[in-house]
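A.B. asks: My structure file input27.cif, mmCIF, C-alpha atoms and all ligand atoms, is below:
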```
data_start
loop_
_atom_site.label_atom_id
_atom_site.label_comp_id
_atom_site.auth_asym_id
_atom_site.auth_seq_id
_atom_site.Cartn_x
_atom_site.Cartn_y
_atom_site.Cartn_z
CA MET A 1 152.38 108.71 145.30
CA SER A 2 150.74 105.33 144.75
CA SER A 3 150.09 103.95 141.30
CA LEU A 4 146.69 105.64 141.35
CA ALA A 5 146.70 109.44 141.19
CA VAL A 6 142.94 109.72 141.58
CA GLU A 7 140.74 107.23 143.42
CA VAL A 8 137.05 108.04 143.60
CA ASN A 9 134.70 105.88 145.64
CA GLY A 10 130.93 106.36 145.76
CA LEU A 11 131.13 110.13 145.42
CA ALA A 12 127.71 111.78 145.74
CA LYS A 13 126.57 115.40 145.71
CA THR A 14 123.12 116.87 146.14
CA PHE A 15 122.62 120.62 145.75
CA GLY A 16 119.62 121.83 147.78
CA GLY A 17 116.55 119.65 147.42
CA GLY A 18 116.87 118.62 143.79
CA ALA A 19 117.89 115.34 142.19
CA PRO A 20 121.49 114.41 143.04
CA ALA A 21 124.06 115.96 140.70
CA LEU A 22 126.26 112.94 141.47
CA GLY A 23 124.71 109.70 142.61
CA GLY A 24 127.68 107.63 143.77
CA VAL A 25 130.50 107.89 141.24
CA SER A 26 133.52 105.56 141.36
CA PHE A 27 136.54 105.48 139.09
CA SER A 28 140.31 105.73 139.27
CA VAL A 29 143.09 107.26 137.22
CA PRO A 30 146.56 105.65 137.15
CA THR A 31 149.48 108.01 137.81
CA GLY A 32 150.92 109.61 134.69
CA THR A 33 147.91 108.90 132.48
CA VAL A 34 145.21 111.06 130.91
CA CYS A 35 141.59 110.31 131.77
CA GLY A 36 138.72 111.86 129.80
CA LEU A 37 135.45 112.51 131.62
CA LEU A 38 132.67 112.49 129.06
CA GLY A 39 129.00 113.31 129.45
CA HIS A 40 126.14 115.42 128.18
CA ASN A 41 125.46 118.91 129.58
CA GLY A 42 124.48 118.57 133.23
CA ALA A 43 125.86 115.03 133.56
CA GLY A 44 128.00 115.99 136.58
CA LYS A 45 131.46 116.51 135.05
CA THR A 46 132.16 119.94 136.56
CA THR A 47 130.72 118.84 139.91
CA THR A 48 133.18 115.91 139.93
CA ILE A 49 136.15 118.15 139.06
CA ASN A 50 135.11 120.77 141.64
CA ILE A 51 134.87 118.14 144.39
CA LEU A 52 138.23 116.57 143.48
CA SER A 53 139.94 119.97 143.47
CA THR A 54 138.28 120.72 146.89
CA LEU A 55 136.24 123.70 145.64
CA ILE A 56 133.09 122.01 146.92
CA ARG A 57 132.53 119.19 149.42
CA PRO A 58 130.82 115.94 148.53
CA THR A 59 127.56 114.99 150.26
CA SER A 60 128.98 111.49 150.73
CA GLY A 61 131.67 109.20 149.37
CA HIS A 62 135.45 109.32 149.38
CA ALA A 63 138.23 110.40 147.08
CA LEU A 64 142.00 110.44 147.21
CA VAL A 65 143.91 112.82 144.95
CA ALA A 66 147.70 112.41 144.79
CA GLY A 67 147.26 110.13 147.81
CA TYR A 68 145.46 112.74 149.95
CA ASP A 69 141.89 112.64 151.19
CA ILE A 70 139.88 115.48 149.64
CA VAL A 71 137.77 116.02 152.77
CA ARG A 72 140.33 115.44 155.53
CA GLN A 73 143.45 116.84 153.80
CA PRO A 74 142.16 119.58 151.47
CA GLY A 75 145.30 121.71 151.91
CA ARG A 76 147.56 118.88 150.77
CA VAL A 77 145.27 118.17 147.83
CA ARG A 78 145.34 121.83 146.79
CA ALA A 79 149.13 121.92 146.96
CA SER A 80 149.28 118.90 144.60
CA VAL A 81 146.79 119.88 141.91
CA GLY A 82 146.28 122.45 139.19
CA LEU A 83 142.85 123.46 137.92
CA ALA A 84 141.72 125.21 134.79
CA GLY A 85 138.00 125.47 135.39
CA GLN A 86 135.11 125.66 132.95
CA SER A 87 134.81 129.40 133.58
CA ILE A 88 137.90 131.55 133.38
CA ALA A 89 139.33 132.43 136.82
CA MET A 90 141.34 135.57 136.06
CA ASP A 91 141.40 139.11 137.35
CA LEU A 92 140.23 140.88 134.20
CA LEU A 93 141.69 144.21 135.36
CA LEU A 94 145.22 142.79 135.57
CA THR A 95 147.42 141.98 132.60
CA GLY A 96 148.04 138.37 131.58
CA ARG A 97 151.56 138.57 133.00
CA GLU A 98 150.34 140.04 136.32
CA ASN A 99 147.76 137.25 136.60
CA LEU A 100 150.40 134.59 136.06
CA VAL A 101 152.77 136.14 138.61
CA LEU A 102 149.90 136.42 141.09
CA PHE A 103 149.04 132.72 140.67
CA GLY A 104 152.69 131.81 141.08
CA ARG A 105 152.93 133.86 144.29
CA LEU A 106 149.76 132.23 145.61
CA ARG A 107 151.40 128.88 144.93
CA GLY A 108 154.41 129.89 147.01
CA LEU A 109 156.93 131.05 144.37
CA HIS A 110 159.23 133.98 145.19
CA ARG A 111 158.69 137.07 143.05
CA GLN A 112 161.70 136.42 140.80
CA GLN A 113 160.79 132.75 140.36
CA ALA A 114 157.20 133.70 139.53
CA LYS A 115 158.34 136.27 136.96
CA ALA A 116 160.72 133.84 135.30
CA ARG A 117 158.10 131.10 135.12
CA ALA A 118 155.52 133.57 133.74
CA ASP A 119 158.01 134.52 130.99
CA GLU A 120 158.39 130.86 130.03
CA LEU A 121 154.66 130.24 129.88
CA ILE A 122 153.96 133.46 127.94
CA GLU A 123 156.42 132.21 125.34
CA GLN A 124 155.05 128.66 125.34
CA PHE A 125 151.41 129.82 125.04
CA ASP A 126 152.20 132.33 122.30
CA LEU A 127 150.99 135.27 124.40
CA ALA A 128 153.98 137.61 124.04
CA ASP A 129 152.03 140.29 122.15
CA ALA A 130 149.18 140.38 124.65
CA ALA A 131 150.95 139.65 127.94
CA ASP A 132 151.09 143.27 129.08
CA ARG A 133 147.50 144.19 128.20
CA ARG A 134 144.62 143.81 130.62
CA VAL A 135 142.95 140.40 130.33
CA MET A 136 139.58 142.13 129.76
CA THR A 137 140.85 143.16 126.32
CA TYR A 138 141.68 139.55 125.32
CA SER A 139 139.62 137.38 123.01
CA GLY A 140 137.92 134.35 124.59
CA GLY A 141 140.57 131.99 123.26
CA MET A 142 143.41 134.15 124.60
CA GLN A 143 141.76 134.28 128.04
CA ARG A 144 141.52 130.50 128.04
CA ARG A 145 145.20 130.17 127.16
CA VAL A 146 146.25 132.42 130.09
CA ASP A 147 143.92 130.48 132.36
CA LEU A 148 145.58 127.21 131.31
CA ALA A 149 149.02 128.74 131.76
CA SER A 150 148.12 129.88 135.29
CA ALA A 151 147.35 126.26 136.27
CA LEU A 152 150.92 125.38 135.23
CA MET A 153 152.84 128.11 137.10
CA VAL A 154 153.84 125.37 139.52
CA LEU A 155 153.73 121.99 137.81
CA PRO A 156 151.04 120.00 139.63
CA LYS A 157 151.02 116.25 140.25
CA VAL A 158 147.43 116.10 139.04
CA LEU A 159 145.97 118.58 136.58
CA PHE A 160 142.21 119.08 136.24
CA LEU A 161 141.07 120.61 132.98
CA ASP A 162 137.35 121.34 132.63
CA GLU A 163 136.62 121.67 128.90
CA PRO A 164 140.09 123.07 128.17
CA THR A 165 139.59 123.60 124.46
CA VAL A 166 136.18 125.28 124.39
CA GLY A 167 136.35 128.40 122.25
CA LEU A 168 139.83 127.70 120.91
CA ASP A 169 140.51 127.86 117.20
CA PRO A 170 141.69 124.60 115.58
CA ARG A 171 145.37 125.51 115.83
CA SER A 172 145.19 126.48 119.50
CA ARG A 173 143.21 123.30 120.14
CA ARG A 174 146.00 121.24 118.60
CA ASP A 175 148.51 123.18 120.73
CA VAL A 176 146.59 122.27 123.88
CA TRP A 177 146.50 118.64 122.75
CA ALA A 178 150.27 118.71 122.30
CA LEU A 179 150.68 120.37 125.69
CA ILE A 180 148.61 117.65 127.40
CA GLY A 181 150.72 115.02 125.65
CA SER A 182 153.93 116.64 126.91
CA LEU A 183 152.61 116.96 130.48
CA ARG A 184 151.78 113.28 130.40
CA LEU A 185 155.34 112.51 129.33
CA GLN A 186 156.53 114.45 132.40
CA GLY A 187 154.50 112.06 134.57
CA ILE A 188 151.67 114.52 135.31
CA THR A 189 148.25 112.93 135.63
CA VAL A 190 145.51 114.76 133.75
CA LEU A 191 141.76 114.50 134.30
CA LEU A 192 139.96 116.43 131.60
CA THR A 193 136.36 116.91 130.61
CA THR A 194 135.35 117.49 127.06
CA GLN A 195 132.31 117.54 124.81
CA TYR A 196 134.55 116.64 121.89
CA LEU A 197 134.61 112.88 121.66
CA GLU A 198 137.30 113.00 119.05
CA GLU A 199 139.42 114.88 121.58
CA ALA A 200 138.85 112.26 124.28
CA ASP A 201 139.69 109.56 121.76
CA VAL A 202 142.97 111.21 120.78
CA LEU A 203 144.13 112.32 124.23
CA SER A 204 142.90 109.87 126.80
CA ASP A 205 144.40 106.64 128.05
CA SER A 206 141.04 105.92 129.65
CA ILE A 207 137.55 107.37 129.40
CA VAL A 208 134.80 107.57 132.01
CA VAL A 209 131.31 108.26 130.68
CA ILE A 210 128.91 109.83 133.16
CA ASP A 211 125.22 110.35 132.64
CA HIS A 212 122.82 111.88 135.16
CA GLY A 213 125.46 111.65 137.90
CA GLN A 214 126.27 107.96 137.34
CA VAL A 215 129.22 106.27 135.65
CA ILE A 216 127.62 104.34 132.81
CA ALA A 217 130.78 103.08 131.14
CA SER A 218 134.53 103.26 131.49
CA GLY A 219 137.58 101.89 129.75
CA THR A 220 139.69 102.75 126.75
CA ALA A 221 138.10 104.29 123.67
CA GLU A 222 138.41 100.85 122.06
CA ASP A 223 136.63 99.20 125.02
CA LEU A 224 133.75 101.65 124.72
CA LYS A 225 133.42 101.04 121.01
CA ARG A 226 133.38 97.30 121.67
CA ARG A 227 130.70 97.75 124.35
CA VAL A 228 128.31 98.82 121.61
CA GLY A 229 128.62 95.24 120.41
CA THR A 230 127.27 95.62 116.94
CA SER A 231 129.43 96.75 114.07
CA TYR A 232 128.34 98.89 111.16
CA CYS A 233 128.20 98.27 107.44
CA GLN A 234 129.21 101.37 105.51
CA VAL A 235 128.65 102.04 101.82
CA THR A 236 130.45 104.87 100.03
CA PRO A 237 129.27 105.63 96.48
CA ALA A 238 131.81 107.12 94.08
CA ASN A 239 129.44 109.99 93.45
CA PRO A 240 127.91 111.70 96.52
CA THR A 241 124.78 112.54 94.51
CA ASP A 242 123.98 108.79 94.61
CA LEU A 243 123.69 108.90 98.45
CA PRO A 244 119.86 109.27 98.55
CA GLN A 245 119.44 106.38 96.08
CA VAL A 246 121.74 104.15 98.17
CA ALA A 247 119.89 105.12 101.35
CA ALA A 248 116.54 104.31 99.71
CA ALA A 249 117.83 100.86 98.73
CA LEU A 250 118.82 100.19 102.36
CA ALA A 251 115.50 101.42 103.81
CA GLY A 252 114.20 99.07 106.48
CA LEU A 253 117.63 98.05 107.78
CA ASP A 254 118.28 99.11 111.41
CA GLY A 255 120.27 102.21 112.35
CA ILE A 256 120.40 103.70 108.87
CA ASP A 257 122.41 106.92 108.87
CA ILE A 258 123.53 109.16 106.01
CA ASP A 259 126.81 110.96 106.66
CA THR A 260 127.30 113.73 104.13
CA ASP A 261 130.76 114.56 105.58
CA THR A 262 132.17 111.18 104.62
CA GLY A 263 129.70 110.72 101.72
CA SER A 264 128.58 107.36 103.05
CA VAL A 265 125.53 105.49 104.32
CA SER A 266 125.82 103.24 107.41
CA VAL A 267 123.50 100.59 108.85
CA PHE A 268 123.87 98.37 111.92
CA ALA A 269 125.40 95.04 110.98
CA PRO A 270 124.17 92.74 113.78
CA ASP A 271 124.83 89.66 111.62
CA GLY A 272 128.24 90.81 110.45
CA VAL A 273 129.12 89.34 107.07
CA ALA A 274 125.52 88.24 106.44
CA THR A 275 124.40 91.89 106.76
CA LEU A 276 127.26 92.91 104.48
CA GLY A 277 125.95 90.40 101.89
CA GLU A 278 122.40 91.76 102.15
CA VAL A 279 123.63 95.35 101.77
CA PHE A 280 125.80 94.35 98.83
CA ARG A 281 122.89 92.66 97.00
CA ARG A 282 120.60 95.66 97.49
CA VAL A 283 123.18 98.21 96.37
CA ASP A 284 124.47 96.06 93.50
CA ALA A 285 120.96 96.02 92.02
CA LEU A 286 121.14 99.82 91.69
CA GLY A 287 124.11 99.71 89.34
CA VAL A 288 125.72 102.61 91.25
CA GLU A 289 129.52 102.86 91.25
CA LEU A 290 131.00 102.38 94.74
CA VAL A 291 134.40 103.28 96.19
CA ASP A 292 133.91 101.19 99.33
CA ILE A 293 131.58 98.80 101.08
CA SER A 294 132.83 97.48 104.40
CA LEU A 295 132.16 96.39 107.95
CA ARG A 296 133.54 98.78 110.55
CA LYS A 297 133.53 99.23 114.33
CA PRO A 298 131.46 102.08 115.77
CA SER A 299 133.11 105.49 116.15
CA LEU A 300 133.42 106.90 119.67
CA ASP A 301 130.55 109.28 118.85
CA GLU A 302 128.32 106.36 117.96
CA ALA A 303 129.44 104.47 121.09
CA PHE A 304 128.65 107.48 123.29
CA LEU A 305 125.21 108.02 121.77
CA HIS A 306 124.46 104.31 121.98
CA LEU A 307 125.48 104.09 125.66
CA THR A 308 123.55 107.19 126.76
CA GLU A 309 120.47 106.29 124.65
CA GLN A 310 120.35 102.85 126.24
CA ARG A 311 120.16 104.54 129.64
CA THR A 312 117.43 106.94 128.48
CA VAL A 313 115.34 104.00 127.24
CA ALA A 314 115.98 102.09 130.50
CA ARG A 315 114.80 105.07 132.60
CA SER A 316 111.62 105.80 130.62
N1 LIG B 401 125.86 125.22 142.56
C1 LIG B 401 124.87 124.46 142.12
N2 LIG B 401 123.63 124.56 142.65
C2 LIG B 401 122.61 123.79 142.22
N3 LIG B 401 122.72 122.86 141.24
C3 LIG B 401 123.92 122.72 140.67
C4 LIG B 401 125.06 123.49 141.07
N4 LIG B 401 126.13 123.11 140.31
C5 LIG B 401 125.67 122.15 139.49
N5 LIG B 401 124.36 121.90 139.70
C6 LIG B 401 123.53 120.89 139.01
O1 LIG B 401 124.24 119.67 139.02
C7 LIG B 401 124.08 118.98 137.80
C8 LIG B 401 125.44 118.68 137.21
O2 LIG B 401 126.07 119.88 136.83
P1 LIG B 401 127.55 119.97 136.26
O3 LIG B 401 127.92 121.40 136.17
O4 LIG B 401 128.41 119.09 137.09
O5 LIG B 401 127.37 119.32 134.82
P2 LIG B 401 128.42 119.19 133.62
O6 LIG B 401 128.48 117.74 133.27
O7 LIG B 401 129.68 119.88 133.95
O8 LIG B 401 127.65 119.95 132.46
P3 LIG B 401 128.21 120.92 131.25
O9 LIG B 401 128.60 120.02 130.14
O10 LIG B 401 127.00 121.74 130.91
O11 LIG B 401 129.34 121.74 131.82
C9 LIG B 401 123.20 119.87 136.92
O12 LIG B 401 121.87 119.41 137.02
C10 LIG B 401 123.35 121.23 137.55
O13 LIG B 401 122.18 121.98 137.37
MG MG B 402 130.65 121.47 133.17
#
```
Just give me the structure of the file as structure tokens.
Ligand SMILES: Nc1ncnc2c1ncn2[C@@H]1O[C@H](COP(=O)(O)OP(=O)(O)OP(=O)(O)O)[C@@H](O)[C@H]1O
Ligand SMILES: [Mg+2]
C.D. replies:
Amino acid sequence: MSSLAVEVNGLAKTFGGGAPALGGVSFSVPTGTVCGLLGHNGAGKTTTINILSTLIRPTSGHALVAGYDIVRQPGRVRASVGLAGQSIAMDLLLTGRENLVLFGRLRGLHRQQAKARADELIEQFDLADAADRRVMTYSGGMQRRVDLASALMVLPKVLFLDEPTVGLDPRSRRDVWALIGSLRLQGITVLLTTQYLEEADVLSDSIVVIDHGQVIASGTAEDLKRRVGTSYCQVTPANPTDLPQVAAALAGLDGIDIDTDTGSVSVFAPDGVATLGEVFRRVDALGVELVDISLRKPSLDEAFLHLTEQRTVARS
């Protein structure tokens, strides 16, 4: 396989007569890395994953997955990839173990091989207690874990995960994060979608942001944060009850935002240290005790909102 596991060039998809779901998307994922596909609901993430895993055909454009053309060599692509889709693809009437063995058989494993691999994954995904019950009796999080396991019955070269941690409790989410990290160490390329920006930040070597079927930004999490350009000035009073007073003193400055989770108030700092000075003077006049006042780079959440808002303004 070349140094790129996924190469997408001008991929477009129109369903029926509506606006295109994808309007010419291009990006690439180096082999052995994790790429996070980010975007609002309806941005085109699932459509991209479904085209790359050959479930649907593009209207135009090209893509190579594991070196194979998704339109001309769909069989080869399918043999090289694993997919855990946004909706669970399990036979609810079968047990978790039966589903895993079935997936293994479909991927060409002999019965004994499939059983042995299912045993390993049941252990790894902490499903031993439930493995011999019908999947219809599982909780949502348990169903998602079996679904993920089924995509790993035969280790793929490229793994597509469409919102892999939706509905998982925090511990299971961390387990999936660890799993993705270990797959990456084994040289498996992962393309995942997520609504959790924190997750993309933690897991991904690169991030592609799509909005209304277009790539609007790509790069590392740090690149995206830098794209926002402006930094923020953040003030944290010692006593959270002083937050409204601090916010009132900063009224009129751009981008003012009160974050009760961190107990701080942020404003855009387009002039860097000069803005910091202005903020300091205003807050100092209050006589409120502070634990911190500092310039900081935008979080990935702020970068994402900034990038997609810019596009909304440009379109209107
Ligand atoms: N089978 C289909 N028929 C018609 N329109 C579709 C179909 N699948 C997707 N779309 C449309 O394509 C657009 C992109 O959908 P897609 O499922 O790719 O978004 P998404 O980014 O995965 O969103 P979400 O975060 O909600 O999963 C949406 O406007 C959706 O309505
Ligand atoms: Mg989706």
A.B. asks: List every protein, DNA or RNA residue with an atom no more than 10 Å from (156.2, 124.3, 137.5) in the file's coordinates, counting all atoms listed in the file, and format the result as a list in words.
C.D. replies: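 Protein and nucleic acid residues near the point are Gly104, Arg107, Leu109, Ala114, Arg117, Leu121, Ala151, Leu152, Met153, Val154, Leu155, Pro156 and Lys157 of chain A.
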A.B. asks: If I take atom CA of Leu22 of chain A and atom O3 of ligand LIG 401 (chain B), how far is one from the other in Å, to one decimal?
C.D. replies: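 Spanning atom CA of Leu22 of chain A to atom O3 of ligand LIG 401 (chain B) is a straight-line distance of 10.1 Å.
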A.B. asks: Step by step, measure atom-to-atom distances between ligand MG 402 (chain B) and each residue using only C-alpha atoms and all ligand atoms, keep those at most 8 Å, then write them as a PDB file with C-alpha atoms, keeping the file's coordinate frame.
C.D. replies:
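Listing of pocket-v6.pdb after writing:
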```pdb
ATOM      1  CA  ASN A  41     125.460 118.910 129.580  1.00  0.00           C
ATOM      2  CA  GLY A  42     124.480 118.570 133.230  1.00  0.00           C
ATOM      3  CA  GLY A  44     128.000 115.990 136.580  1.00  0.00           C
ATOM      4  CA  LYS A  45     131.460 116.510 135.050  1.00  0.00           C
ATOM      5  CA  THR A  46     132.160 119.940 136.560  1.00  0.00           C
ATOM      6  CA  THR A  47     130.720 118.840 139.910  1.00  0.00           C
ATOM      7  CA  GLN A  86     135.110 125.660 132.950  1.00  0.00           C
ATOM      8  CA  ASP A 162     137.350 121.340 132.630  1.00  0.00           C
ATOM      9  CA  GLU A 163     136.620 121.670 128.900  1.00  0.00           C
ATOM     10  CA  THR A 193     136.360 116.910 130.610  1.00  0.00           C
TER      11      THR A 193
END
```
A.B. asks: Mind listing the residues within 10 Å of ligand LIG 401 (chain B), only C-alpha atoms and all ligand atoms counted, as a PyMOL selection string?
C.D. replies: chain A and resi 13-22+37-51+56+86-87+162-163+193-195+210-213
A.B. asks: Counting only C-alpha atoms, which of A:Ser26, A:Ser231, A:Asn9, A:Thr189 gets nearest to Gly82 of chain A?
C.D. replies: A:Thr189
A.B. asks: Which residues come within 8 Å of Thr54 of chain A, counting all atoms listed in the file, excluding same-chain residues fewer than 2 positions away, as an NGL selection string?
C.D. replies: :A and (50-52 or 56-57 or 70-71 or 74 or 77-78)
A.B. asks: May I have the residues within 12 Å of Arg134 of chain A as a list of chain:residue names, using only C-alpha atoms and disregarding those fewer than 6 positions away in the same chain?
C.D. replies: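 Listing them by chain and then by number gives A:Met90, A:Asp91, A:Leu92, A:Leu93, A:Leu94, A:Thr95, A:Gly96, A:Arg97, A:Glu98, A:Asn99, A:Met142, A:Gln143, A:Val146.
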A.B. asks: Report, in Å to a single decimal, how far apart atom CA of His306 of chain A and atom CA of Val6 of chain A are.
C.D. replies: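 A separation of 27.5 Å between them.
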A.B. asks: Kindly indicate which residue among A:Leu183, A:Leu100, A:Leu127, A:Val246 lies nearest to Ser150 of chain A, using all atoms listed in the file for the distances.
C.D. replies: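 Using all atoms listed in the file, the shortest distance to Ser150 of chain A belongs to A:Leu100.
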A.B. asks: Can you work out which one of A:Asp169, A:Glu7, A:Asp261, A:Glu123 has the shortest atom-to-atom distance to Val29 of chain A, counting all atoms listed in the file?
C.D. replies: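 Going through A:Asp169, A:Glu7, A:Asp261, A:Glu123 one by one, the smallest distance to Val29 of chain A is for A:Glu7.
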A.B. asks: Just the residues within 10 Å of Arg76 of chain A, please, counting only C-alpha atoms, with nothing from its chain fewer than 6 positions along; format it as a list in words.
C.D. replies: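 Listing them by chain and then by number gives Val65, Ala66, Gly67, Tyr68, Asp69 and Ile70 of chain A.
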A.B. asks: From the set A:Leu106, A:Leu290, A:Ala285, A:Val81, which residue has the shortest atom-to-atom contact distance to Thr241 of chain A, counting all atoms listed in the file?
C.D. replies: A:Leu290
A.B. asks: Could you jot down the atom CA of Ile258 of chain A to atom CA of Gln234 of chain A separation for me, Å, one decimal place?
C.D. replies: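 One can read the atom CA of Ile258 of chain A to atom CA of Gln234 of chain A distance as 9.7 Å.
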A.B. asks: Tell me which of A:Gly187, A:Pro237, A:Gly277, A:Gly287 sits closest to Thr31 of chain A, counting only C-alpha atoms.
C.D. replies: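 Closest residue, counting only C-alpha atoms: A:Gly187.
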